[in-house]
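A.B. asks: File query-v2.cif follows (mmCIF, C-alpha atoms and all ligand atoms):
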data_start
#
loop_
_atom_site.label_atom_id
_atom_site.label_comp_id
_atom_site.auth_asym_id
_atom_site.auth_seq_id
_atom_site.Cartn_x
_atom_site.Cartn_y
_atom_site.Cartn_z
CA MET J 46 0.00 0.00 0.00
CA LEU J 47 2.73 2.52 0.95
CA LYS J 48 4.57 1.77 -2.31
CA LYS J 49 1.35 2.43 -4.27
CA LEU J 50 0.71 5.69 -2.39
CA LEU J 51 4.31 6.81 -3.05
CA ASN J 52 3.93 6.09 -6.78
CA GLU J 53 0.57 7.87 -7.02
CA ALA J 54 1.53 10.98 -5.02
CA ASN J 55 2.69 14.25 -6.62
CA TYR J 56 4.06 15.94 -3.48
CA THR J 57 5.27 13.68 -0.65
CA VAL J 58 6.43 15.10 2.69
CA VAL J 59 8.12 12.87 5.29
CA PHE J 60 7.78 13.79 8.98
CA THR J 61 10.33 12.12 11.28
CA GLY J 62 10.69 11.63 15.03
CA ALA J 63 13.20 9.96 17.33
CA GLY J 64 12.17 6.53 16.03
CA MET J 65 14.00 7.45 12.80
CA SER J 66 17.33 7.47 14.69
CA THR J 67 17.04 4.55 17.15
CA GLU J 68 18.54 2.23 14.51
CA SER J 69 21.54 4.57 14.49
CA GLY J 70 21.98 3.86 18.22
CA LEU J 71 20.34 7.02 19.66
CA PRO J 72 17.63 6.37 22.28
CA ASP J 73 14.20 7.87 21.67
CA PHE J 74 12.13 9.57 24.38
CA ARG J 75 8.97 7.57 25.04
CA SER J 76 9.58 4.00 23.87
CA SER J 77 8.31 1.73 26.61
CA ASN J 78 11.69 -0.03 26.92
CA ASN J 79 14.41 2.64 27.00
CA GLY J 80 13.06 6.10 26.14
CA LEU J 81 15.06 9.01 27.62
CA TRP J 82 12.01 10.41 29.36
CA LYS J 83 11.46 7.09 31.10
CA LYS J 84 14.55 7.92 33.17
CA LYS J 85 14.44 11.72 33.42
CA ASP J 86 11.63 14.22 33.76
CA PRO J 87 11.97 16.44 30.66
CA SER J 88 10.51 19.48 32.43
CA LYS J 89 13.37 19.28 34.96
CA ILE J 90 16.21 18.78 32.48
CA ALA J 91 15.19 19.82 28.97
CA SER J 92 13.67 23.16 29.96
CA THR J 93 14.59 26.84 30.28
CA ASP J 94 14.07 26.37 34.02
CA ALA J 95 16.86 23.75 34.10
CA LEU J 96 19.10 26.05 31.99
CA ASN J 97 18.54 28.94 34.40
CA ASN J 98 18.48 27.11 37.73
CA ASN J 99 20.19 23.74 37.29
CA ILE J 100 23.06 24.43 34.91
CA GLU J 101 25.34 21.60 36.12
CA GLU J 102 22.74 18.88 35.48
CA PHE J 103 21.61 20.62 32.27
CA THR J 104 25.12 20.73 30.73
CA ALA J 105 25.94 17.20 31.92
CA PHE J 106 22.76 15.84 30.29
CA TYR J 107 23.29 17.70 27.01
CA ARG J 108 27.02 16.90 26.91
CA GLU J 109 25.99 13.21 26.85
CA ARG J 110 23.50 13.81 24.01
CA VAL J 111 26.06 15.88 22.03
CA ILE J 112 28.56 13.00 22.38
CA GLY J 113 25.82 10.72 21.01
CA VAL J 114 25.10 12.77 17.88
CA LYS J 115 28.85 13.16 17.21
CA GLU J 116 29.58 9.43 17.73
CA TYR J 117 26.58 7.78 16.06
CA LYS J 118 25.82 8.14 12.35
CA PRO J 119 22.84 8.15 9.99
CA HIS J 120 21.65 4.63 9.10
CA LYS J 121 20.59 3.21 5.69
CA GLY J 122 17.08 4.63 6.11
CA HIS J 123 18.44 8.21 6.24
CA TYR J 124 20.42 7.60 3.03
CA ILE J 125 17.37 6.11 1.28
CA LEU J 126 15.32 9.24 2.11
CA ALA J 127 18.13 11.44 0.72
CA ASP J 128 18.20 9.31 -2.43
CA TRP J 129 14.41 9.56 -2.79
CA GLU J 130 14.68 13.37 -2.59
CA ARG J 131 17.24 13.34 -5.42
CA GLN J 132 14.93 11.06 -7.47
CA GLY J 133 11.88 13.26 -6.78
CA ILE J 134 10.08 10.44 -4.95
CA ILE J 135 9.77 12.67 -1.86
CA GLN J 136 9.90 16.48 -1.84
CA SER J 137 11.01 17.37 1.70
CA ILE J 138 11.47 16.25 5.30
CA ILE J 139 10.06 17.85 8.43
CA THR J 140 11.97 16.53 11.45
CA GLN J 141 11.58 16.81 15.21
CA ASN J 142 15.05 15.28 15.56
CA VAL J 143 18.05 17.35 16.56
CA ASP J 144 20.77 14.89 15.46
CA GLY J 145 21.34 16.40 12.01
CA PHE J 146 21.39 12.88 10.50
CA HIS J 147 19.09 13.71 7.56
CA GLN J 148 21.46 16.44 6.34
CA MET J 149 24.53 14.23 7.04
CA ALA J 150 22.95 11.56 4.81
CA GLY J 151 22.49 14.13 2.01
CA SER J 152 18.89 15.37 2.41
CA LYS J 153 18.74 19.04 1.33
CA ARG J 154 15.17 20.13 2.09
CA VAL J 155 14.89 19.54 5.84
CA ALA J 156 12.89 21.67 8.32
CA GLU J 157 14.32 21.16 11.83
CA LEU J 158 11.33 22.03 14.03
CA HIS J 159 13.28 21.53 17.28
CA GLY J 160 16.67 22.92 16.17
CA THR J 161 19.93 20.95 16.26
CA LEU J 162 22.36 19.47 18.80
CA GLN J 163 25.20 19.95 16.27
CA LYS J 164 25.32 23.64 17.29
CA LEU J 165 25.44 25.73 20.46
CA HIS J 166 24.74 29.43 20.94
CA CYS J 167 25.39 31.91 23.73
CA GLN J 168 22.33 32.51 25.92
CA THR J 169 23.46 36.17 26.29
CA CYS J 170 24.88 37.37 22.95
CA ARG J 171 23.61 34.48 20.75
CA LYS J 172 27.06 33.93 19.16
CA GLY J 173 27.12 30.45 17.51
CA TYR J 174 29.57 27.62 18.30
CA ASP J 175 30.00 23.98 17.21
CA SER J 176 28.61 21.64 19.88
CA LYS J 177 32.06 20.00 20.21
CA GLU J 178 32.71 22.79 22.78
CA TYR J 179 30.54 20.77 25.18
CA ILE J 180 32.66 17.68 24.56
CA ARG J 181 35.68 19.82 25.51
CA ASN J 182 33.84 20.89 28.67
CA GLU J 183 33.69 24.48 27.39
CA TYR J 184 30.40 25.98 28.59
CA HIS J 185 31.03 29.73 28.28
CA CYS J 186 31.03 32.22 25.42
CA ASP J 187 33.87 34.72 24.89
CA CYS J 188 31.40 37.28 26.31
CA GLY J 189 31.07 35.24 29.52
CA GLY J 190 27.52 34.08 28.76
CA ILE J 191 26.37 30.44 29.06
CA LEU J 192 26.58 28.25 25.92
CA ARG J 193 23.42 26.15 25.36
CA PRO J 194 22.47 23.70 22.57
CA SER J 195 20.63 25.32 19.62
CA ILE J 196 17.57 23.15 20.26
CA VAL J 197 14.05 24.08 21.40
CA LEU J 198 13.76 23.54 25.16
CA PHE J 199 10.42 22.88 26.82
CA GLY J 200 9.07 26.37 27.47
CA GLU J 201 10.54 27.87 24.28
CA THR J 202 8.86 28.60 20.95
CA LEU J 203 9.82 26.81 17.75
CA PRO J 204 12.16 28.56 15.25
CA GLU J 205 9.92 30.71 13.04
CA ASP J 206 11.66 29.87 9.74
CA ALA J 207 11.53 26.09 10.28
CA PHE J 208 7.92 26.28 11.44
CA GLN J 209 6.89 28.36 8.42
CA ALA J 210 8.74 26.04 6.00
CA ALA J 211 7.09 23.00 7.62
CA PHE J 212 3.68 24.65 7.37
CA GLU J 213 4.13 25.46 3.66
CA GLU J 214 5.38 21.94 2.87
CA THR J 215 2.47 20.40 4.80
CA GLN J 216 -0.01 22.52 2.81
CA ARG J 217 1.51 21.29 -0.47
CA ALA J 218 1.58 17.60 0.45
CA ASP J 219 -0.81 15.10 -1.09
CA LEU J 220 1.01 12.34 0.79
CA PHE J 221 2.29 12.85 4.37
CA ILE J 222 4.34 10.02 5.89
CA VAL J 223 5.16 9.95 9.63
CA LEU J 224 8.26 7.89 10.51
CA GLY J 225 8.98 7.10 14.17
CA SER J 226 7.09 9.60 16.28
CA SER J 227 4.63 9.13 19.16
CA LEU J 228 3.05 12.42 17.92
CA SER J 229 2.67 13.47 21.55
CA VAL J 230 4.37 16.91 21.47
CA THR J 231 2.64 20.05 20.20
CA PRO J 232 2.80 21.99 17.98
CA ALA J 233 4.85 19.49 15.93
CA ASN J 234 2.08 16.87 16.15
CA GLN J 235 -0.38 19.23 14.40
CA PHE J 236 1.32 18.85 11.01
CA PRO J 237 -0.09 15.36 10.24
CA LEU J 238 -3.58 16.72 11.04
CA ILE J 239 -3.11 19.83 8.86
CA ALA J 240 -2.01 17.59 5.96
CA LYS J 241 -5.04 15.34 6.45
CA GLU J 242 -7.40 18.33 6.64
CA ASN J 243 -5.87 19.53 3.35
CA GLY J 244 -6.89 16.28 1.68
CA ALA J 245 -3.48 14.55 1.83
CA ARG J 246 -3.20 10.82 2.42
CA LEU J 247 -1.65 10.18 5.86
CA VAL J 248 0.59 7.18 6.60
CA ILE J 249 1.98 6.57 10.12
CA VAL J 250 4.92 4.19 10.49
CA ASN J 251 5.59 3.68 14.20
CA GLN J 252 6.38 0.65 16.38
CA GLU J 253 3.81 1.74 18.97
CA LYS J 254 0.27 3.09 18.54
CA THR J 255 -0.16 6.88 18.40
CA ASP J 256 -3.20 9.07 19.19
CA MET J 257 -3.29 10.11 15.52
CA ASP J 258 -3.61 6.56 14.12
CA LEU J 259 -7.39 7.01 13.78
CA TYR J 260 -6.81 9.78 11.19
CA ALA J 261 -4.34 7.75 9.11
CA ASP J 262 -5.08 6.10 5.76
CA GLN J 263 -2.47 3.50 6.66
CA VAL J 264 -0.73 2.55 9.93
CA VAL J 265 2.40 0.35 9.96
CA ASN J 266 3.21 -0.91 13.46
CA ASN J 267 5.13 -4.12 12.97
CA GLU J 268 8.18 -2.94 11.03
CA LYS J 269 11.39 -1.15 11.93
CA ILE J 270 11.67 2.01 9.82
CA GLY J 271 15.11 1.13 8.43
CA VAL J 272 13.94 -2.33 7.38
CA LEU J 273 10.74 -0.97 5.79
CA LEU J 274 12.60 1.75 3.82
CA GLU J 275 15.12 -0.83 2.56
CA LYS J 276 12.25 -3.07 1.39
CA LEU J 277 10.55 -0.12 -0.38
CA ALA J 278 13.83 1.02 -1.95
N1 LIG U 301 10.95 1.85 13.86
C1 LIG U 301 9.67 2.32 14.05
N2 LIG U 301 9.28 3.01 15.14
C2 LIG U 301 10.21 3.22 16.10
C3 LIG U 301 11.55 2.75 16.00
C4 LIG U 301 11.89 2.03 14.81
N3 LIG U 301 13.14 1.54 14.62
N4 LIG U 301 12.23 3.10 17.13
C5 LIG U 301 11.34 3.77 17.92
N5 LIG U 301 10.14 3.83 17.31
C6 LIG U 301 8.93 4.54 17.77
C7 LIG U 301 8.61 4.34 19.24
O1 LIG U 301 7.68 3.30 19.39
C8 LIG U 301 8.01 5.70 19.65
O2 LIG U 301 6.60 5.67 19.66
O3 LIG U 301 9.24 5.91 17.62
C9 LIG U 301 8.45 6.66 18.54
C10 LIG U 301 9.31 7.79 19.08
O4 LIG U 301 8.48 8.60 19.87
P1 LIG U 301 9.16 9.60 20.93
O5 LIG U 301 10.19 8.86 21.70
O6 LIG U 301 8.04 10.28 21.67
O7 LIG U 301 9.93 10.66 20.03
P2 LIG U 301 9.30 11.89 19.26
O8 LIG U 301 7.89 11.61 18.84
O9 LIG U 301 10.27 12.27 18.21
O10 LIG U 301 9.28 13.04 20.40
C11 LIG U 301 8.91 14.34 19.98
O11 LIG U 301 9.54 15.17 22.15
O12 LIG U 301 11.05 15.31 23.89
C12 LIG U 301 10.59 15.94 22.77
O13 LIG U 301 11.83 17.41 21.47
C13 LIG U 301 11.70 16.06 21.77
O14 LIG U 301 11.57 15.96 19.36
C14 LIG U 301 11.18 15.29 20.56
C15 LIG U 301 9.69 15.35 20.75
#
Could you write out this file's structure as structure tokens?
C.D. replies:
Amino acid sequence: MLKKLLNEANYTVVFTGAGMSTESGLPDFRSSNNGLWKKKDPSKIASTDALNNNIEEFTAFYRERVIGVKEYKPHKGHYILADWERQGIIQSIITQNVDGFHQMAGSKRVAELHGTLQKLHCQTCRKGYDSKEYIRNEYHCDCGGILRPSIVLFGETLPEDAFQAAFEETQRADLFIVLGSSLSVTPANQFPLIAKENGARLVIVNQEKTDMDLYADQVVNNEKIGVLLEKLA
């Protein structure tokens, strides 16, 4: 069915979550077995409150995640999506992921709704740095301000340009494919609904059920994303 939908569609947008990168070795957030938020309360660690009042734990937590995105690499599924963009099979990717793996695998049209862990910026003067500063235990800007990952923390708004690009792509889609997201975080989880309301076909590929499955034209629960993409390719 997904192969047929891909062949019939004129404008296909792929929407990815942490489940797209678990086969690269990065843990997701809410998987029942080892999601990151099963061990830590996100509001206490991935929030502006933690950045302002709990900087030691905040930098220790994000240093670990920066090490992860520098050590682990995109898997075959990321490369297949990049290849499909070059062949015109898909038109763009909207991602909630902050690992930068889609771009590393060669995807060009990627909207990063939640920013990226590959970069840091100064909380005071906003000067940008590579996130390897965290690996070197460097947490301060030349101006003395705190360096924080260029991701969206709980309590912050999404980057306007990525949000706008994602909105425009969603409006143009006649096929919208979700890969590896529990669709439990707003406003990111509104995009599949907007696509559906615009008359697009909606496919959700996710190991666990999501609250949006009832709106989908097709739900694939029993396949790992990497395996499914390799079969389709
Ligand atoms: N194949 C298919 N599905 C998978 C795979 C896989 N190999 N690995 C994990 N999954 C599924 C899990 O079952 C889970 O439902 O991917 C889903 C990932 O969901 P979450 O862990 O909630 O991740 P995500 O939806 O991306 O979270 C959204 O929450 O914490 C914030 O900013 C963070 O971007 C993140 C946002």
A.B. asks: Could you pull out the residues sitting within 6 Å of ligand LIG 301 (chain U), using all atoms listed in the file, and write them as an MDAnalysis selection string?
C.D. replies: chainID J and resid 62:64 67:68 73:76 80 141:142 225:228 230 251:253 269:270
A.B. asks: Would you please work out which residue, of J:Gly244, J:Pro194, J:Gly145, J:Gly151, is nearest to J:Gln168 when using only C-alpha atoms?
C.D. replies: J:Pro194
A.B. asks: Just give me the gap between atom CA of J:Ala278 and atom CA of J:Gly70 in Å, one decimal is fine.
C.D. replies: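 So the two atoms, atom CA of J:Ala278 and atom CA of J:Gly70, lie 21.9 Å apart.
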A.B. asks: How far is it from atom CA of J:Gln216 to atom CA of J:Asn243, in Å with one decimal?
C.D. replies: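 Computed distance, atom CA of J:Gln216 to atom CA of J:Asn243, equals 6.6 Å.
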A.B. asks: Residues within 10 Å of stretch 254-266 of chain J, please, as a PyMOL selection string. Count all atoms listed in the file; anything in the same chain fewer than 3 positions from it doesn't count.
C.D. replies: chain J and resi 46-47+50+221-229+234-235+237-238+241-242+245-251+269-270+273
A.B. asks: Please provide the set of residues having any atom within 10 Å of J:Lys121, restricted to all atoms listed in the file, with same-chain residues fewer than 3 positions apart removed, written as an NGL selection string.
C.D. replies: :J and (68-69 or 118 or 124-127 or 150 or 270-272 or 274-275)
A.B. asks: Just to be explicit: take each residue in the selection above, keep C-alpha atoms, and write the result as a compact mmCIF listing (two decimals), in the frame of the given file.
C.D. replies:
# COMPACT_ATOMS: atom_id res chain seq x y z
CA GLU J 68 18.54 2.23 14.51
CA SER J 69 21.54 4.57 14.49
CA LYS J 118 25.82 8.14 12.35
CA TYR J 124 20.42 7.60 3.03
CA ILE J 125 17.37 6.11 1.28
CA LEU J 126 15.32 9.24 2.11
CA ALA J 127 18.13 11.44 0.72
CA ALA J 150 22.95 11.56 4.81
CA ILE J 270 11.67 2.01 9.82
CA GLY J 271 15.11 1.13 8.43
CA VAL J 272 13.94 -2.33 7.38
CA LEU J 274 12.60 1.75 3.82
CA GLU J 275 15.12 -0.83 2.56
A.B. asks: Between J:His166, J:Arg217, J:Arg108, J:Lys83, which is the closest to J:Arg193 once you count all atoms listed in the file?
C.D. replies: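 Closest candidate: J:His166.
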A.B. asks: Can you sort out the box for stretch 219-236 of chain J, edges along x, y and z, all listed atoms in, 3 Å on every side, with centre and edge lengths in Å to one decimal, as lines of an AutoDock Vina configuration file?
C.D. replies:
center_x = 4.1
center_y = 14.5
center_z = 10.2
size_x = 15.8
size_y = 20.9
size_z = 28.6
A.B. asks: For the atom pair atom CA of J:Arg171 and atom CA of J:Asp187, what is the interatomic distance in Å to one decimal place?
C.D. replies: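 Answer for the atom CA of J:Arg171 to atom CA of J:Asp187 separation: 11.1 Å.
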A.B. asks: So, counting all atoms listed in the file, which residue among J:Ile180, J:Leu277, J:Met149, J:Ala233 is closest to J:Phe106?
C.D. replies: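 Once distances to J:Phe106 are computed over all atoms listed in the file, the minimum belongs to J:Ile180.
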A.B. asks: Smallest atom-to-atom distance to J:Thr202: which of J:Pro87, J:Thr231, J:Asn98, J:Pro72, using all atoms listed in the file?
C.D. replies: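 Checking each of J:Pro87, J:Thr231, J:Asn98, J:Pro72 against J:Thr202, counting all atoms listed in the file, the winner is J:Thr231.
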A.B. asks: Any idea what's packed within 6 Å of J:Ala218, counting all atoms listed in the file, ignoring anything in its chain fewer than 6 positions away? Could you give it as a PDB file with C-alpha atoms, in the frame of the given file?
C.D. replies:
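Saved the output as out_8.pdb:
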ATOM      1  CA  TYR J  56       4.060  15.940  -3.480  1.00  0.00           C
ATOM      2  CA  THR J  57       5.270  13.680  -0.650  1.00  0.00           C
ATOM      3  CA  VAL J  58       6.430  15.100   2.690  1.00  0.00           C
TER       4      VAL J  58
END
A.B. asks: Which one is closest to J:Thr140: J:Ala210, J:Ala95, J:Val59, J:Ala105? Count all atoms listed in the file.
C.D. replies: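 Nearest candidate to J:Thr140 out of J:Ala210, J:Ala95, J:Val59, J:Ala105: J:Val59.
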A.B. asks: Return the single residue from J:His185, J:Lys85, J:His147, J:Arg131 that is closest to J:Leu165, with distances computed using all atoms listed in the file.
C.D. replies: J:His185
A.B. asks: Taking 6 positions as the minimum chain separation for residues in the same chain, which residues sit within 9 Å of J:Tyr184 when counting all atoms listed in the file? Answer as a list in words.
C.D. replies: Thr104, Glu178, Gly190, Ile191, Leu192 and Arg193 of chain J
A.B. asks: Could you add whatever atoms are missing so that stretch 155-172 of chain J carries N, CA, C and O atoms, then write the result as a PDB file, in the frame of the given file?
C.D. replies:
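Result file is result.pdb:
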ATOM      1  N   VAL J 155      15.214  20.058   4.499  1.00  0.00           N
ATOM      2  CA  VAL J 155      14.890  19.540   5.840  1.00  0.00           C
ATOM      3  C   VAL J 155      14.491  20.710   6.741  1.00  0.00           C
ATOM      4  O   VAL J 155      15.248  21.678   6.882  1.00  0.00           O
ATOM      5  N   ALA J 156      13.300  20.633   7.343  1.00  0.00           N
ATOM      6  CA  ALA J 156      12.890  21.670   8.320  1.00  0.00           C
ATOM      7  C   ALA J 156      13.100  21.069   9.708  1.00  0.00           C
ATOM      8  O   ALA J 156      12.484  20.059  10.057  1.00  0.00           O
ATOM      9  N   GLU J 157      14.022  21.678  10.478  1.00  0.00           N
ATOM     10  CA  GLU J 157      14.320  21.160  11.830  1.00  0.00           C
ATOM     11  C   GLU J 157      13.465  21.913  12.861  1.00  0.00           C
ATOM     12  O   GLU J 157      13.850  22.970  13.360  1.00  0.00           O
ATOM     13  N   LEU J 158      12.300  21.333  13.154  1.00  0.00           N
ATOM     14  CA  LEU J 158      11.330  22.030  14.030  1.00  0.00           C
ATOM     15  C   LEU J 158      11.916  22.299  15.417  1.00  0.00           C
ATOM     16  O   LEU J 158      11.572  23.292  16.059  1.00  0.00           O
ATOM     17  N   HIS J 159      12.775  21.394  15.891  1.00  0.00           N
ATOM     18  CA  HIS J 159      13.280  21.530  17.280  1.00  0.00           C
ATOM     19  C   HIS J 159      14.748  21.920  17.317  1.00  0.00           C
ATOM     20  O   HIS J 159      15.401  21.760  18.333  1.00  0.00           O
ATOM     21  N   GLY J 160      15.282  22.452  16.199  1.00  0.00           N
ATOM     22  CA  GLY J 160      16.670  22.920  16.170  1.00  0.00           C
ATOM     23  C   GLY J 160      17.648  21.763  16.000  1.00  0.00           C
ATOM     24  O   GLY J 160      17.282  20.710  15.471  1.00  0.00           O
ATOM     25  N   THR J 161      18.884  21.969  16.457  1.00  0.00           N
ATOM     26  CA  THR J 161      19.930  20.950  16.260  1.00  0.00           C
ATOM     27  C   THR J 161      20.925  20.910  17.421  1.00  0.00           C
ATOM     28  O   THR J 161      21.321  21.937  17.976  1.00  0.00           O
ATOM     29  N   LEU J 162      21.340  19.681  17.762  1.00  0.00           N
ATOM     30  CA  LEU J 162      22.360  19.470  18.800  1.00  0.00           C
ATOM     31  C   LEU J 162      23.765  19.604  18.201  1.00  0.00           C
ATOM     32  O   LEU J 162      24.747  19.526  18.933  1.00  0.00           O
ATOM     33  N   GLN J 163      23.865  19.805  16.878  1.00  0.00           N
ATOM     34  CA  GLN J 163      25.200  19.950  16.270  1.00  0.00           C
ATOM     35  C   GLN J 163      25.757  21.354  16.560  1.00  0.00           C
ATOM     36  O   GLN J 163      26.932  21.609  16.373  1.00  0.00           O
ATOM     37  N   LYS J 164      24.870  22.256  17.034  1.00  0.00           N
ATOM     38  CA  LYS J 164      25.320  23.640  17.290  1.00  0.00           C
ATOM     39  C   LYS J 164      24.964  24.073  18.718  1.00  0.00           C
ATOM     40  O   LYS J 164      24.032  23.549  19.334  1.00  0.00           O
ATOM     41  N   LEU J 165      25.753  25.066  19.193  1.00  0.00           N
ATOM     42  CA  LEU J 165      25.440  25.730  20.460  1.00  0.00           C
ATOM     43  C   LEU J 165      25.304  27.219  20.149  1.00  0.00           C
ATOM     44  O   LEU J 165      25.806  27.691  19.134  1.00  0.00           O
ATOM     45  N   HIS J 166      24.642  27.973  21.037  1.00  0.00           N
ATOM     46  CA  HIS J 166      24.740  29.430  20.940  1.00  0.00           C
ATOM     47  C   HIS J 166      24.728  30.025  22.347  1.00  0.00           C
ATOM     48  O   HIS J 166      24.271  29.400  23.298  1.00  0.00           O
ATOM     49  N   CYS J 167      25.283  31.250  22.424  1.00  0.00           N
ATOM     50  CA  CYS J 167      25.390  31.910  23.730  1.00  0.00           C
ATOM     51  C   CYS J 167      24.020  32.436  24.156  1.00  0.00           C
ATOM     52  O   CYS J 167      23.331  33.116  23.397  1.00  0.00           O
ATOM     53  N   GLN J 168      23.656  32.099  25.399  1.00  0.00           N
ATOM     54  CA  GLN J 168      22.330  32.510  25.920  1.00  0.00           C
ATOM     55  C   GLN J 168      22.270  34.039  26.047  1.00  0.00           C
ATOM     56  O   GLN J 168      21.193  34.617  26.060  1.00  0.00           O
ATOM     57  N   THR J 169      23.445  34.703  26.109  1.00  0.00           N
ATOM     58  CA  THR J 169      23.460  36.170  26.290  1.00  0.00           C
ATOM     59  C   THR J 169      23.564  36.894  24.951  1.00  0.00           C
ATOM     60  O   THR J 169      22.699  37.669  24.592  1.00  0.00           O
ATOM     61  N   CYS J 170      24.656  36.577  24.182  1.00  0.00           N
ATOM     62  CA  CYS J 170      24.880  37.370  22.950  1.00  0.00           C
ATOM     63  C   CYS J 170      24.498  36.607  21.685  1.00  0.00           C
ATOM     64  O   CYS J 170      24.627  37.120  20.582  1.00  0.00           O
ATOM     65  N   ARG J 171      24.102  35.332  21.845  1.00  0.00           N
ATOM     66  CA  ARG J 171      23.610  34.480  20.750  1.00  0.00           C
ATOM     67  C   ARG J 171      24.696  34.065  19.765  1.00  0.00           C
ATOM     68  O   ARG J 171      24.400  33.487  18.725  1.00  0.00           O
ATOM     69  N   LYS J 172      25.975  34.365  20.071  1.00  0.00           N
ATOM     70  CA  LYS J 172      27.060  33.930  19.160  1.00  0.00           C
ATOM     71  C   LYS J 172      27.012  32.404  19.028  1.00  0.00           C
ATOM     72  O   LYS J 172      26.796  31.687  20.011  1.00  0.00           O
TER      73      LYS J 172
END
